[in-house]
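Pasted below: data_26.txt, compact mmCIF, C-alpha atoms.
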# COMPACT_ATOMS: atom_id res chain seq x y z
CA MET A 1 -170.47 -187.37 95.28
CA LEU A 2 -167.99 -184.95 96.76
CA ASP A 3 -166.81 -185.03 100.34
CA LYS A 4 -166.04 -181.80 102.20
CA ASN A 5 -162.52 -181.70 100.80
CA GLY A 6 -163.89 -182.30 97.31
CA ILE A 7 -166.21 -179.29 97.68
CA ALA A 8 -163.30 -177.17 98.92
CA ARG A 9 -161.04 -178.37 96.09
CA THR A 10 -163.74 -177.52 93.56
CA ILE A 11 -164.11 -174.00 94.96
CA ALA A 12 -160.32 -173.54 94.93
CA ARG A 13 -160.58 -173.50 91.12
CA GLU A 14 -162.14 -170.02 91.50
CA LEU A 15 -158.91 -168.63 92.99
CA ARG A 16 -156.72 -166.38 90.86
CA ASP A 17 -153.20 -165.12 91.42
CA GLY A 18 -153.28 -161.94 93.50
CA TYR A 19 -156.74 -162.53 94.94
CA TYR A 20 -157.70 -161.36 98.41
CA VAL A 21 -160.05 -163.99 99.81
CA ASN A 22 -162.26 -164.30 102.87
CA LEU A 23 -163.10 -167.86 103.90
CA GLY A 24 -165.97 -168.54 106.29
CA ILE A 25 -166.12 -171.16 109.01
CA GLY A 26 -166.50 -174.87 108.14
CA ILE A 27 -166.01 -176.23 104.61
CA PRO A 28 -164.89 -172.78 103.31
CA THR A 29 -161.86 -172.88 105.63
CA LEU A 30 -160.69 -176.04 103.83
CA VAL A 31 -160.29 -174.10 100.56
CA ALA A 32 -157.01 -172.77 101.98
CA ASN A 33 -155.58 -176.30 101.72
CA PHE A 34 -156.07 -176.32 97.92
CA ILE A 35 -154.43 -173.07 96.87
CA PRO A 36 -152.46 -174.10 93.76
CA GLU A 37 -148.68 -174.23 94.02
CA GLY A 38 -147.09 -170.95 92.93
CA MET A 39 -150.32 -168.95 93.19
CA GLU A 40 -150.24 -166.01 95.58
CA VAL A 41 -153.53 -165.65 97.46
CA GLN A 42 -153.92 -163.49 100.57
CA LEU A 43 -156.45 -164.67 103.15
CA GLN A 44 -158.40 -161.97 104.96
CA SER A 45 -159.70 -162.73 108.42
CA GLU A 46 -162.32 -160.15 109.33
CA ASN A 47 -161.24 -159.87 112.96
CA GLY A 48 -158.30 -157.87 111.65
CA LEU A 49 -155.67 -159.79 109.71
CA LEU A 50 -154.60 -159.93 106.10
CA GLY A 51 -152.17 -162.71 105.23
CA MET A 52 -153.40 -165.50 107.48
CA GLY A 53 -150.92 -168.31 107.97
CA PRO A 54 -151.37 -171.94 109.04
CA PHE A 55 -152.11 -173.16 112.56
CA PRO A 56 -149.17 -172.69 114.95
CA TRP A 57 -146.89 -175.53 115.95
CA GLU A 58 -147.95 -177.19 119.16
CA GLY A 59 -146.78 -175.04 122.08
CA GLU A 60 -146.52 -171.87 120.00
CA GLU A 61 -150.18 -170.80 120.26
CA ASP A 62 -150.64 -167.08 120.86
CA PRO A 63 -153.97 -166.09 122.48
CA ASP A 64 -153.66 -162.63 120.88
CA LEU A 65 -153.50 -164.16 117.41
CA ILE A 66 -156.70 -165.82 116.21
CA ASN A 67 -158.86 -165.93 113.08
CA ALA A 68 -162.55 -165.09 112.78
CA GLY A 69 -163.39 -168.66 113.81
CA LYS A 70 -161.48 -167.99 117.06
CA GLN A 71 -158.85 -170.56 116.09
CA THR A 72 -155.20 -169.96 116.93
CA ILE A 73 -153.30 -169.16 113.75
CA THR A 74 -150.01 -167.60 112.57
CA THR A 75 -148.90 -164.74 110.37
CA LEU A 76 -146.82 -164.92 107.18
CA PRO A 77 -144.19 -162.56 105.78
CA GLY A 78 -146.17 -159.52 104.65
CA SER A 79 -149.08 -160.04 107.05
CA VAL A 80 -150.78 -157.00 108.52
CA PHE A 81 -153.09 -156.34 111.48
CA PHE A 82 -155.82 -153.71 111.56
CA ASP A 83 -158.94 -152.81 113.51
CA SER A 84 -162.46 -154.04 112.75
CA ALA A 85 -163.56 -150.81 111.03
CA MET A 86 -160.69 -151.00 108.54
CA SER A 87 -161.34 -154.72 108.11
CA PHE A 88 -164.93 -154.09 107.07
CA GLY A 89 -163.84 -150.96 105.24
CA MET A 90 -161.79 -153.05 102.84
CA ILE A 91 -164.68 -155.50 102.51
CA ARG A 92 -167.26 -152.74 101.89
CA ALA A 93 -164.97 -151.00 99.42
CA GLY A 94 -164.91 -154.15 97.30
CA LYS A 95 -161.23 -154.94 97.86
CA VAL A 96 -161.98 -158.55 98.78
CA ASP A 97 -162.11 -160.47 95.51
CA LEU A 98 -163.76 -163.67 96.69
CA THR A 99 -165.88 -164.66 99.67
CA VAL A 100 -166.65 -168.30 100.37
CA LEU A 101 -169.25 -169.02 103.01
CA GLY A 102 -171.63 -171.66 104.25
CA ALA A 103 -175.42 -171.43 104.11
CA MET A 104 -178.56 -172.99 105.51
CA GLU A 105 -180.56 -172.05 102.41
CA VAL A 106 -179.94 -170.47 99.00
CA SER A 107 -182.79 -169.33 96.78
CA GLN A 108 -182.95 -169.52 92.99
CA GLN A 109 -182.57 -165.70 92.94
CA GLY A 110 -179.24 -166.02 94.78
CA ASP A 111 -180.58 -164.98 98.18
CA ILE A 112 -178.78 -166.55 101.13
CA ALA A 113 -179.91 -167.41 104.67
CA ASN A 114 -177.33 -168.55 107.20
CA TRP A 115 -177.66 -166.80 110.57
CA LYS A 116 -180.86 -167.62 112.40
CA ILE A 117 -183.59 -170.22 112.86
CA PRO A 118 -186.40 -168.29 114.59
CA GLY A 119 -187.25 -169.66 118.02
CA LYS A 120 -184.55 -172.34 117.76
CA MET A 121 -181.09 -171.15 117.01
CA VAL A 122 -179.70 -167.66 117.40
CA LYS A 123 -176.04 -167.30 116.64
CA GLY A 124 -175.95 -164.03 114.79
CA MET A 125 -174.74 -162.94 111.39
CA GLY A 126 -171.21 -162.01 112.40
CA GLY A 127 -169.57 -160.53 109.33
CA ALA A 128 -171.63 -162.48 106.78
CA MET A 129 -174.10 -159.69 105.97
CA ASP A 130 -171.27 -157.25 105.32
CA LEU A 131 -169.39 -159.76 103.17
CA VAL A 132 -172.32 -160.77 100.97
CA ALA A 133 -173.30 -157.12 100.50
CA SER A 134 -169.92 -156.14 99.10
CA ALA A 135 -167.56 -158.93 97.98
CA ARG A 136 -166.97 -159.13 94.23
CA HIS A 137 -167.48 -162.89 93.95
CA ILE A 138 -169.58 -164.84 96.39
CA VAL A 139 -169.49 -168.63 96.43
CA VAL A 140 -171.51 -170.80 98.80
CA ALA A 141 -170.15 -174.12 100.03
CA MET A 142 -172.79 -176.34 101.62
CA GLN A 143 -174.47 -179.71 101.74
CA HIS A 144 -177.21 -180.06 99.15
CA VAL A 145 -179.86 -181.18 101.65
CA ASN A 146 -180.40 -180.52 105.35
CA LYS A 147 -180.42 -183.10 108.13
CA ALA A 148 -184.09 -183.84 107.43
CA GLY A 149 -183.17 -184.64 103.81
CA GLU A 150 -184.82 -181.49 102.41
CA SER A 151 -183.27 -179.47 99.61
CA LYS A 152 -181.36 -176.36 100.66
CA LEU A 153 -181.61 -174.99 97.10
CA LEU A 154 -185.08 -173.45 97.17
CA PRO A 155 -187.47 -171.27 95.14
CA GLN A 156 -187.47 -168.84 98.11
CA CYS A 157 -185.57 -168.88 101.37
CA THR A 158 -187.80 -169.72 104.33
CA LEU A 159 -185.29 -168.55 106.99
CA PRO A 160 -184.35 -164.91 107.73
CA LEU A 161 -182.12 -163.63 104.94
CA THR A 162 -178.45 -162.76 105.20
CA GLY A 163 -178.32 -161.12 101.78
CA LEU A 164 -180.41 -160.54 98.70
CA ALA A 165 -179.54 -161.80 95.18
CA CYS A 166 -175.83 -161.94 95.97
CA VAL A 167 -174.69 -165.57 95.53
CA GLN A 168 -173.00 -166.26 92.19
CA LYS A 169 -172.11 -169.91 92.61
CA VAL A 170 -173.08 -172.81 94.86
CA VAL A 171 -170.95 -175.92 95.29
CA THR A 172 -172.50 -178.94 97.04
CA GLU A 173 -171.64 -182.63 97.23
CA LEU A 174 -173.78 -183.08 94.09
CA GLY A 175 -172.39 -180.41 91.80
CA VAL A 176 -171.64 -176.82 90.85
CA PHE A 177 -174.54 -174.44 90.29
CA GLY A 178 -174.76 -170.98 88.77
CA PHE A 179 -177.77 -168.72 88.25
CA ASP A 180 -179.73 -167.27 85.34
CA SER A 181 -183.00 -165.33 85.14
CA LEU A 182 -185.02 -168.53 85.67
CA GLY A 183 -183.16 -169.93 88.65
CA PHE A 184 -180.35 -172.40 89.33
CA VAL A 185 -178.26 -173.68 86.44
CA LEU A 186 -176.37 -176.93 86.74
CA LEU A 187 -172.81 -176.27 85.55
CA GLU A 188 -171.01 -179.46 86.54
CA ARG A 189 -171.95 -182.75 88.17
CA ALA A 190 -170.03 -184.37 90.98
CA PRO A 191 -168.28 -187.55 89.83
CA GLY A 192 -170.76 -190.40 89.56
CA VAL A 193 -173.86 -188.28 90.19
CA GLY A 194 -176.60 -188.27 87.57
CA VAL A 195 -178.72 -185.31 86.50
CA GLU A 196 -181.96 -186.98 87.66
CA HIS A 197 -180.53 -187.43 91.16
CA ILE A 198 -179.58 -183.74 91.26
CA LYS A 199 -183.01 -182.68 89.98
CA ASN A 200 -184.76 -184.83 92.58
CA HIS A 201 -182.81 -183.14 95.36
CA THR A 202 -183.22 -179.56 94.14
CA LYS A 203 -186.47 -177.84 95.08
CA GLY A 204 -185.69 -174.54 93.35
CA TYR A 205 -186.08 -174.19 89.58
CA LEU A 206 -183.11 -175.95 87.97
CA THR A 207 -181.93 -175.78 84.40
CA ALA A 208 -180.12 -179.03 83.62
CA LEU A 209 -179.78 -180.16 80.04
CA GLY A 210 -178.35 -183.56 80.84
CA HIS A 211 -174.93 -183.26 79.26
CA GLU A 212 -173.23 -181.22 81.98
CA PRO A 213 -169.68 -182.45 82.49
CA GLU A 214 -168.35 -184.07 85.61
CA ILE A 215 -166.17 -181.89 87.82
CA THR A 216 -162.47 -182.13 87.05
CA TRP A 217 -159.57 -180.56 88.87
CA PRO A 218 -156.35 -179.17 87.42
CA MET B 1 -151.92 -134.77 133.19
CA ASN B 2 -152.43 -138.05 134.96
CA LYS B 3 -155.11 -140.46 133.87
CA VAL B 4 -153.74 -143.40 135.82
CA TYR B 5 -155.97 -145.29 138.27
CA PRO B 6 -154.70 -147.96 140.64
CA ASP B 7 -157.10 -150.66 139.48
CA ALA B 8 -160.30 -151.55 137.64
CA LEU B 9 -162.66 -150.88 140.57
CA SER B 10 -161.41 -147.33 141.07
CA ALA B 11 -161.38 -146.64 137.32
CA LEU B 12 -165.01 -147.78 137.07
CA HIS B 13 -166.17 -146.20 140.37
CA ASP B 14 -168.95 -144.14 138.72
CA LEU B 15 -170.17 -146.77 136.28
CA HIS B 16 -173.80 -146.83 137.32
CA ASP B 17 -176.79 -149.14 137.01
CA GLY B 18 -178.47 -148.74 133.64
CA ALA B 19 -175.32 -147.50 131.89
CA THR B 20 -174.56 -148.23 128.24
CA LEU B 21 -171.08 -149.60 127.80
CA MET B 22 -168.90 -150.81 124.98
CA LEU B 23 -166.51 -153.68 125.56
CA GLY B 24 -163.66 -154.39 123.18
CA GLY B 25 -162.58 -157.83 122.06
CA PHE B 26 -163.33 -160.49 119.47
CA GLY B 27 -164.42 -163.72 121.07
CA LEU B 28 -162.18 -163.84 124.13
CA CYS B 29 -159.28 -162.17 122.30
CA GLY B 30 -158.48 -158.70 123.62
CA ILE B 31 -161.36 -158.47 126.10
CA PRO B 32 -161.07 -156.16 129.14
CA GLU B 33 -160.78 -159.02 131.64
CA ASN B 34 -160.10 -156.77 134.64
CA GLY B 35 -162.95 -154.40 133.84
CA ILE B 36 -165.41 -157.27 133.53
CA SER B 37 -164.25 -158.75 136.86
CA ALA B 38 -164.74 -155.37 138.52
CA LEU B 39 -168.30 -155.12 137.17
CA VAL B 40 -169.05 -158.59 138.54
CA GLN B 41 -167.65 -157.45 141.91
CA LYS B 42 -169.59 -154.16 141.86
CA GLY B 43 -172.79 -155.94 140.85
CA THR B 44 -173.78 -153.13 138.48
CA ARG B 45 -177.14 -153.97 136.94
CA ASN B 46 -179.40 -153.25 133.96
CA LEU B 47 -176.43 -152.72 131.69
CA THR B 48 -176.68 -152.26 127.95
CA CYS B 49 -173.56 -153.89 126.53
CA ILE B 50 -172.21 -153.27 123.04
CA SER B 51 -169.71 -155.97 122.18
CA ASN B 52 -169.05 -158.11 119.11
CA ASN B 53 -169.58 -161.32 121.10
CA ALA B 54 -171.01 -162.28 124.46
CA GLY B 55 -168.16 -164.33 125.86
CA VAL B 56 -168.49 -167.99 126.78
CA ASP B 57 -170.51 -169.50 129.61
CA GLU B 58 -167.85 -169.10 132.30
CA PHE B 59 -165.68 -166.28 131.02
CA GLY B 60 -165.77 -162.80 129.55
CA LEU B 61 -169.22 -161.25 129.24
CA GLY B 62 -170.65 -164.66 130.11
CA LEU B 63 -169.84 -163.81 133.73
CA LEU B 64 -172.10 -160.73 133.63
CA LEU B 65 -174.82 -162.69 131.83
CA LYS B 66 -174.80 -165.42 134.43
CA ASN B 67 -175.35 -162.78 137.15
CA HIS B 68 -178.21 -161.23 135.16
CA GLN B 69 -176.38 -157.88 135.12
CA ILE B 70 -177.05 -157.32 131.42
CA GLN B 71 -180.45 -156.04 130.35
CA LYS B 72 -179.68 -155.54 126.70
CA MET B 73 -176.95 -156.87 124.46
CA ILE B 74 -175.94 -155.44 121.10
CA ALA B 75 -173.66 -157.89 119.29
CA SER B 76 -172.98 -159.55 115.95
CA TYR B 77 -172.29 -163.16 116.92
CA VAL B 78 -173.24 -164.93 120.12
CA GLY B 79 -172.94 -168.57 119.12
CA GLU B 80 -170.47 -169.62 121.80
CA ASN B 81 -172.65 -168.96 124.80
CA ALA B 82 -175.44 -171.37 125.78
CA GLU B 83 -176.64 -169.21 128.69
CA PHE B 84 -176.99 -166.28 126.31
CA GLU B 85 -179.12 -168.32 123.93
CA ARG B 86 -181.25 -169.52 126.85
CA GLN B 87 -181.85 -165.98 128.20
CA LEU B 88 -182.62 -164.73 124.71
CA LEU B 89 -185.11 -167.46 123.81
CA SER B 90 -186.80 -167.14 127.23
CA GLY B 91 -187.10 -163.36 126.84
CA GLU B 92 -185.01 -162.46 129.91
CA LEU B 93 -182.46 -160.68 127.78
CA GLU B 94 -183.10 -158.04 125.16
CA VAL B 95 -180.86 -158.59 122.16
CA GLU B 96 -180.07 -156.63 119.05
CA LEU B 97 -178.00 -158.61 116.55
CA ILE B 98 -176.33 -156.42 113.94
CA PRO B 99 -173.78 -157.06 111.20
CA GLN B 100 -170.20 -157.02 112.43
CA GLY B 101 -169.10 -154.32 110.01
CA THR B 102 -172.08 -152.20 111.01
CA LEU B 103 -171.10 -152.61 114.66
CA ALA B 104 -167.55 -151.51 113.88
CA THR B 105 -168.69 -148.61 111.74
CA ARG B 106 -171.20 -147.32 114.29
CA CYS B 107 -168.32 -147.21 116.80
CA MET B 108 -166.09 -145.52 114.27
CA ALA B 109 -168.75 -142.92 113.45
CA ALA B 110 -169.01 -142.01 117.13
CA GLY B 111 -165.23 -141.61 117.40
CA TYR B 112 -165.11 -139.49 114.28
CA GLY B 113 -168.01 -137.27 115.33
CA MET B 114 -170.36 -138.40 112.59
CA PRO B 115 -174.01 -138.98 113.57
CA ALA B 116 -174.64 -141.68 110.98
CA VAL B 117 -173.20 -143.66 108.09
CA PHE B 118 -174.54 -145.56 105.09
CA THR B 119 -173.74 -149.25 104.64
CA PRO B 120 -175.11 -151.92 102.28
CA ALA B 121 -174.92 -154.66 104.94
CA GLY B 122 -178.37 -155.97 105.79
CA VAL B 123 -180.31 -154.43 102.90
CA GLY B 124 -183.34 -156.63 102.20
CA THR B 125 -183.03 -158.45 105.54
CA GLU B 126 -184.74 -158.00 108.91
CA VAL B 127 -181.79 -155.80 109.94
CA ALA B 128 -183.19 -153.15 107.57
CA ALA B 129 -186.60 -153.03 109.29
CA GLY B 130 -187.56 -149.44 110.09
CA LYS B 131 -184.31 -147.99 108.77
CA GLU B 132 -183.97 -145.23 106.23
CA THR B 133 -182.53 -146.41 102.92
CA ARG B 134 -180.94 -144.46 100.14
CA VAL B 135 -179.63 -145.34 96.70
CA PHE B 136 -176.14 -144.24 95.65
CA GLY B 137 -174.84 -145.24 92.23
CA GLY B 138 -177.69 -147.71 91.77
CA LYS B 139 -176.98 -149.59 95.02
CA THR B 140 -179.16 -149.44 98.14
CA TYR B 141 -177.67 -148.52 101.51
CA LEU B 142 -179.00 -148.41 105.07
CA LEU B 143 -178.61 -145.40 107.31
CA GLU B 144 -176.99 -146.56 110.55
CA THR B 145 -176.53 -144.21 113.49
CA ALA B 146 -173.42 -143.73 115.62
CA PHE B 147 -173.43 -145.44 119.01
CA ASP B 148 -173.88 -143.32 122.11
CA ALA B 149 -172.13 -145.10 124.97
CA ASP B 150 -171.56 -143.81 128.51
CA PHE B 151 -168.44 -145.92 128.95
CA ALA B 152 -166.00 -147.82 126.77
CA LEU B 153 -163.91 -150.57 128.37
CA VAL B 154 -160.96 -151.50 126.22
CA LYS B 155 -157.87 -153.63 126.55
CA ALA B 156 -154.54 -152.52 125.08
CA TRP B 157 -151.09 -154.06 125.11
CA LYS B 158 -149.19 -150.93 126.12
CA GLY B 159 -150.22 -147.48 127.19
CA ASP B 160 -148.73 -144.42 128.82
CA ARG B 161 -150.17 -142.17 131.54
CA MET B 162 -151.38 -139.72 128.86
CA GLY B 163 -153.65 -142.48 127.56
CA ASN B 164 -151.83 -143.26 124.32
CA LEU B 165 -152.46 -146.90 123.37
CA ILE B 166 -150.86 -149.65 121.33
CA PHE B 167 -152.52 -152.98 120.64
CA ARG B 168 -151.03 -156.34 119.79
CA ALA B 169 -151.89 -158.68 116.89
CA THR B 170 -155.60 -159.52 116.49
CA SER B 171 -156.40 -158.42 120.04
CA ARG B 172 -156.75 -154.98 118.43
CA ASN B 173 -160.14 -155.71 116.76
CA PHE B 174 -162.84 -153.40 118.19
CA ASN B 175 -160.68 -151.93 120.95
CA PRO B 176 -159.36 -148.79 119.20
CA LEU B 177 -162.81 -148.00 117.74
CA MET B 178 -164.55 -148.30 121.08
CA ALA B 179 -161.78 -146.34 122.79
CA MET B 180 -162.56 -143.50 120.40
CA ALA B 181 -166.33 -143.81 120.85
CA GLY B 182 -166.88 -143.83 124.61
CA LYS B 183 -167.97 -140.72 126.53
CA ILE B 184 -165.69 -142.06 129.27
CA THR B 185 -163.07 -144.46 127.96
CA VAL B 186 -161.30 -146.71 130.42
CA ALA B 187 -158.29 -148.58 129.08
CA GLU B 188 -156.64 -151.49 130.82
CA VAL B 189 -153.13 -152.28 129.67
CA GLU B 190 -150.65 -155.08 130.16
CA GLU B 191 -147.83 -152.60 130.44
CA LEU B 192 -147.92 -148.95 131.54
CA VAL B 193 -144.96 -146.98 130.24
CA GLU B 194 -143.69 -143.40 130.53
CA PRO B 195 -144.66 -140.74 127.98
CA GLY B 196 -142.02 -140.88 125.28
CA ASP B 197 -141.51 -144.61 125.55
CA LEU B 198 -144.06 -145.26 122.81
CA ASP B 199 -142.95 -144.28 119.32
CA PRO B 200 -145.45 -141.60 118.17
CA ASP B 201 -145.56 -143.31 114.79
CA HIS B 202 -146.71 -146.56 116.37
CA ILE B 203 -149.53 -145.33 118.61
CA HIS B 204 -152.93 -146.71 117.52
CA VAL B 205 -155.16 -144.52 119.71
CA PRO B 206 -154.13 -140.99 120.70
CA GLY B 207 -154.60 -140.31 124.40
CA ILE B 208 -157.13 -137.53 123.75
CA TYR B 209 -159.73 -140.31 123.42
CA VAL B 210 -158.74 -142.09 126.62
CA HIS B 211 -159.87 -140.76 130.00
CA ARG B 212 -158.64 -143.40 132.44
CA ILE B 213 -155.96 -146.04 132.30
CA PHE B 214 -154.80 -148.77 134.66
CA VAL B 215 -152.53 -151.79 134.62
CA GLY B 216 -154.48 -155.01 134.39
CA THR B 217 -153.42 -158.04 136.37
CA ASN B 218 -153.71 -161.81 136.14
CA TYR B 219 -154.63 -161.98 132.47
CA GLU B 220 -155.95 -165.43 131.63
CA LYS B 221 -156.22 -164.86 127.86
CA ARG B 222 -158.29 -167.97 127.34
CA ILE B 223 -158.16 -169.57 123.92
CA GLU B 224 -161.54 -170.62 122.50
CA GLN B 225 -160.31 -172.88 119.69
CA ARG B 226 -156.82 -174.21 120.25
CA THR B 227 -155.77 -175.34 116.76
CA VAL B 228 -152.21 -176.53 116.18
CA ARG B 229 -149.96 -178.38 113.77
CA SER B 230 -148.50 -181.46 115.31
CA ARG B 231 -144.73 -181.81 115.19
CA SER B 232 -144.90 -185.55 114.84

Here is a file; write its structure as structure tokens.
Amino acid sequence: MLDKNGIARTIARELRDGYYVNLGIGIPTLVANFIPEGMEVQLQSENGLLGMGPFPWEGEEDPDLINAGKQTITTLPGSVFFDSAMSFGMIRAGKVDLTVLGAMEVSQQGDIANWKIPGKMVKGMGGAMDLVASARHIVVAMQHVNKAGESKLLPQCTLPLTGLACVQKVVTELGVFGFDSLGFVLLERAPGVGVEHIKNHTKGYLTALGHEPEITWP
Amino acid sequence: MNKVYPDALSALHDLHDGATLMLGGFGLCGIPENGISALVQKGTRNLTCISNNAGVDEFGLGLLLKNHQIQKMIASYVGENAEFERQLLSGELEVELIPQGTLATRCMAAGYGMPAVFTPAGVGTEVAAGKETRVFGGKTYLLETAFDADFALVKAWKGDRMGNLIFRATSRNFNPLMAMAGKITVAEVEELVEPGDLDPDHIHVPGIYVHRIFVGTNYEKRIEQRTVRSRS
């Protein structure tokens, strides 16, 4: 089983030198901690910053300088600020190479739901609908099952959709999943997790041959 | 030419009940704190507010929500405000949640004089309900219309009496777009300077878009998520 850092570290393998990357709130944010040494990756924060730096030193917080999660952050040499239209302009124009975001549900067609539970929770989609409609690679980082123990990898999403057929990869504590015309495809297993266990916790159609390798990191 | 007002109340003197207004800011970063306080003081009601977020329970737009001054809210993310969620689920507040990029682009369209734009955000979701779609290059897009707002309340770092504005760091966000989109744009600034003091190459919003300007006071600039590296 992977912990949150393990999921983030697994997703960090998708990074390539020169990538522009947007990381969502939660586990996706942790991916920034696993950017390989020597690789240049620029983090885009959709509230208007390219080249997001680490949290400020204590006492150096600047209320005018936050990320999309409203956390105080810093800039780096080469950072740039812009307005929200340009921010989503670069997203819509496909300039963002990789988007990593959380989800409440993912369907076997690659649909994603992550912004609303009707009658219960209304937070809004923020920038997620724009990102999943346009980013070149979309990876979901999430727990495999919800708090009630039900699979979040489903034949169809039951919650209001954020985007249609857009997710290319899902990483959970149990493994790494891709998609084909039938549904989910198990690509790698989390260390110590068997295929039967994964199958039992996946409600959507899953192709798993049984000899998928365990996840390794460089 | 003098667009300078002494304070927020005078700059918003004709902001009437039932008005549609845009408010700049992302979370609590770059919000027009003085303008919001003046609206609380004026008690203006039945407002339609266009803003990325709805503040927190005791600050920003949350202050107007608490007073039930907002009839309708158009926003992209409202997760930080429990009172908002309560009013929404109880039906007291009308809410239209739209993608953040769509919100930005509908402001931009208004400022650029374009009645509508196409965007792929929300295709196949409930956001697309009732909207015209069109396929370009094999991809489906939604037709989204420009906002039509009576007032825009924005917060800039520096401005001059001609209305030219400069923003600082990520407090820029929606502010320039809304400044360009309002029928009457009211800018509050931390520092009011003389024409010529701002480098023309560094101005983010040309004064032609800005009708009124005043110096804001007592900025709190609350931080929602104070995240730091410890020196120890």

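Closest to Ala32 in chain A among A:Ala190, A:Val100, A:Leu65, A:Ile117 is A:Val100, based on only C-alpha atoms.
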
Within 7 Å of chain A, which residues of chain B come that close, and what is the closest atom pair and distance in Å for each? Count only C-alpha atoms and give it as a tab-separated table.
residue	atom	partner	partner_atom	distance
B:Phe26	CA	A:Asn47	CA	6.9
B:Gly27	CA	A:Lys70	CA	6.6
B:Cys29	CA	A:Asp64	CA	5.8
B:Gly30	CA	A:Asp64	CA	6.8
B:Ser76	CA	A:Gly126	CA	4.7
B:Tyr77	CA	A:Gly124	CA	4.3
B:Val78	CA	A:Lys123	CA	5.1
B:Gly79	CA	A:Lys123	CA	4.2
B:Glu85	CA	A:Val122	CA	6.6
B:Leu89	CA	A:Gly119	CA	6.6
B:Leu97	CA	A:Gly124	CA	6.1
B:Pro99	CA	A:Gly126	CA	5.7
B:Gln100	CA	A:Gly127	CA	4.7
B:Gly101	CA	A:Phe88	CA	5.1
B:Ala104	CA	A:Ala85	CA	5.0
B:Thr105	CA	A:Ala85	CA	5.6
B:Met108	CA	A:Ala85	CA	6.7
B:Pro120	CA	A:Ala133	CA	5.8
B:Ala121	CA	A:Asp130	CA	4.5
B:Gly122	CA	A:Met129	CA	5.7
B:Gly124	CA	A:Leu164	CA	6.0
B:Thr125	CA	A:Leu161	CA	5.3
B:Arg168	CA	A:Asp64	CA	6.9
B:Ala169	CA	A:Leu65	CA	5.7
B:Thr170	CA	A:Leu65	CA	5.2
B:Ser171	CA	A:Asp64	CA	5.1
B:Arg172	CA	A:Asp83	CA	5.8
B:Asn173	CA	A:Asp83	CA	4.5
B:Phe174	CA	A:Ser84	CA	5.5
B:Pro176	CA	A:Asp83	CA	7.0
B:Lys221	CA	A:Pro63	CA	6.0
B:Arg222	CA	A:Pro63	CA	6.8
B:Ile223	CA	A:Pro63	CA	5.6
B:Glu224	CA	A:Lys70	CA	6.0
B:Gln225	CA	A:Gln71	CA	4.5
B:Arg226	CA	A:Thr72	CA	5.6
B:Thr227	CA	A:Thr72	CA	5.4
B:Val228	CA	A:Phe55	CA	4.9
B:Arg229	CA	A:Trp57	CA	4.7
B:Ser230	CA	A:Glu58	CA	5.8
B:Arg231	CA	A:Trp57	CA	6.7

Practice task
Write out as a PyMOL selection string each polymer residue whose atoms come within 12 Å of Glu194 in chain B, counting only C-alpha atoms; drop sequence neighbours fewer than 2 positions from it.
Solution key: chain B and resi 2+4+158-165+191-192+196-199

Can you spit out the residues from that selection as a PDB file, in the coordinates of the input, using C-alpha atoms?
ATOM      1  CA  ASN B   2    -152.430-138.050 134.960  1.00  0.00           C
ATOM      2  CA  VAL B   4    -153.740-143.400 135.820  1.00  0.00           C
ATOM      3  CA  LYS B 158    -149.190-150.930 126.120  1.00  0.00           C
ATOM      4  CA  GLY B 159    -150.220-147.480 127.190  1.00  0.00           C
ATOM      5  CA  ASP B 160    -148.730-144.420 128.820  1.00  0.00           C
ATOM      6  CA  ARG B 161    -150.170-142.170 131.540  1.00  0.00           C
ATOM      7  CA  MET B 162    -151.380-139.720 128.860  1.00  0.00           C
ATOM      8  CA  GLY B 163    -153.650-142.480 127.560  1.00  0.00           C
ATOM      9  CA  ASN B 164    -151.830-143.260 124.320  1.00  0.00           C
ATOM     10  CA  LEU B 165    -152.460-146.900 123.370  1.00  0.00           C
ATOM     11  CA  GLU B 191    -147.830-152.600 130.440  1.00  0.00           C
ATOM     12  CA  LEU B 192    -147.920-148.950 131.540  1.00  0.00           C
ATOM     13  CA  GLY B 196    -142.020-140.880 125.280  1.00  0.00           C
ATOM     14  CA  ASP B 197    -141.510-144.610 125.550  1.00  0.00           C
ATOM     15  CA  LEU B 198    -144.060-145.260 122.810  1.00  0.00           C
ATOM     16  CA  ASP B 199    -142.950-144.280 119.320  1.00  0.00           C
TER      17      ASP B 199
END

Exercise for the section: Provide the CA of Gly207 in chain B to CA of Gly35 in chain B distance in Å, to one decimal place. Expected result: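 Here the two named atoms are 18.9 Å from each other.
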
Practice task
Please provide as JSON, numbers by chain all residues within 9 Å of Val193 in chain A, with the sequence filter that same-chain residues fewer than 6 positions apart are discarded (counting all atoms listed in the file).
Solution key: {"A": [1, 174, 175, 214]}

Exercise for the section: Could you give me, as a ChimeraX atom specification, the residues that have an atom at most 6 Å away from the point (-168.8, -184.9, 99.4) in the coordinates of the file, using all atoms listed in the file? Expected result: /A:1-4,6,173

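All protein and nucleic acid residues in the vicinity of (-176.4, -174.9, 109.4), that is within 9 Å when counting all atoms listed in the file, are Gly102, Ala103, Met104, Glu105, Asn114, Trp115, Met142 and Asn146 of chain A.
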
Practice task
May I ask for the distance between CA of Ser10 in chain B and CA of Ala149 in chain B, given in Å to one decimal place?
Solution key: 19.5 Å

Practice task
Would you kindly return, as a ChimeraX atom specification, each protein, DNA or RNA residue with an atom no farther than 10 Å from any atom of Leu187 in chain A, considering all atoms listed in the file and excluding same-chain residues fewer than 3 positions away?
Solution key: /A:169-171,175-179,184,207-209,211-215
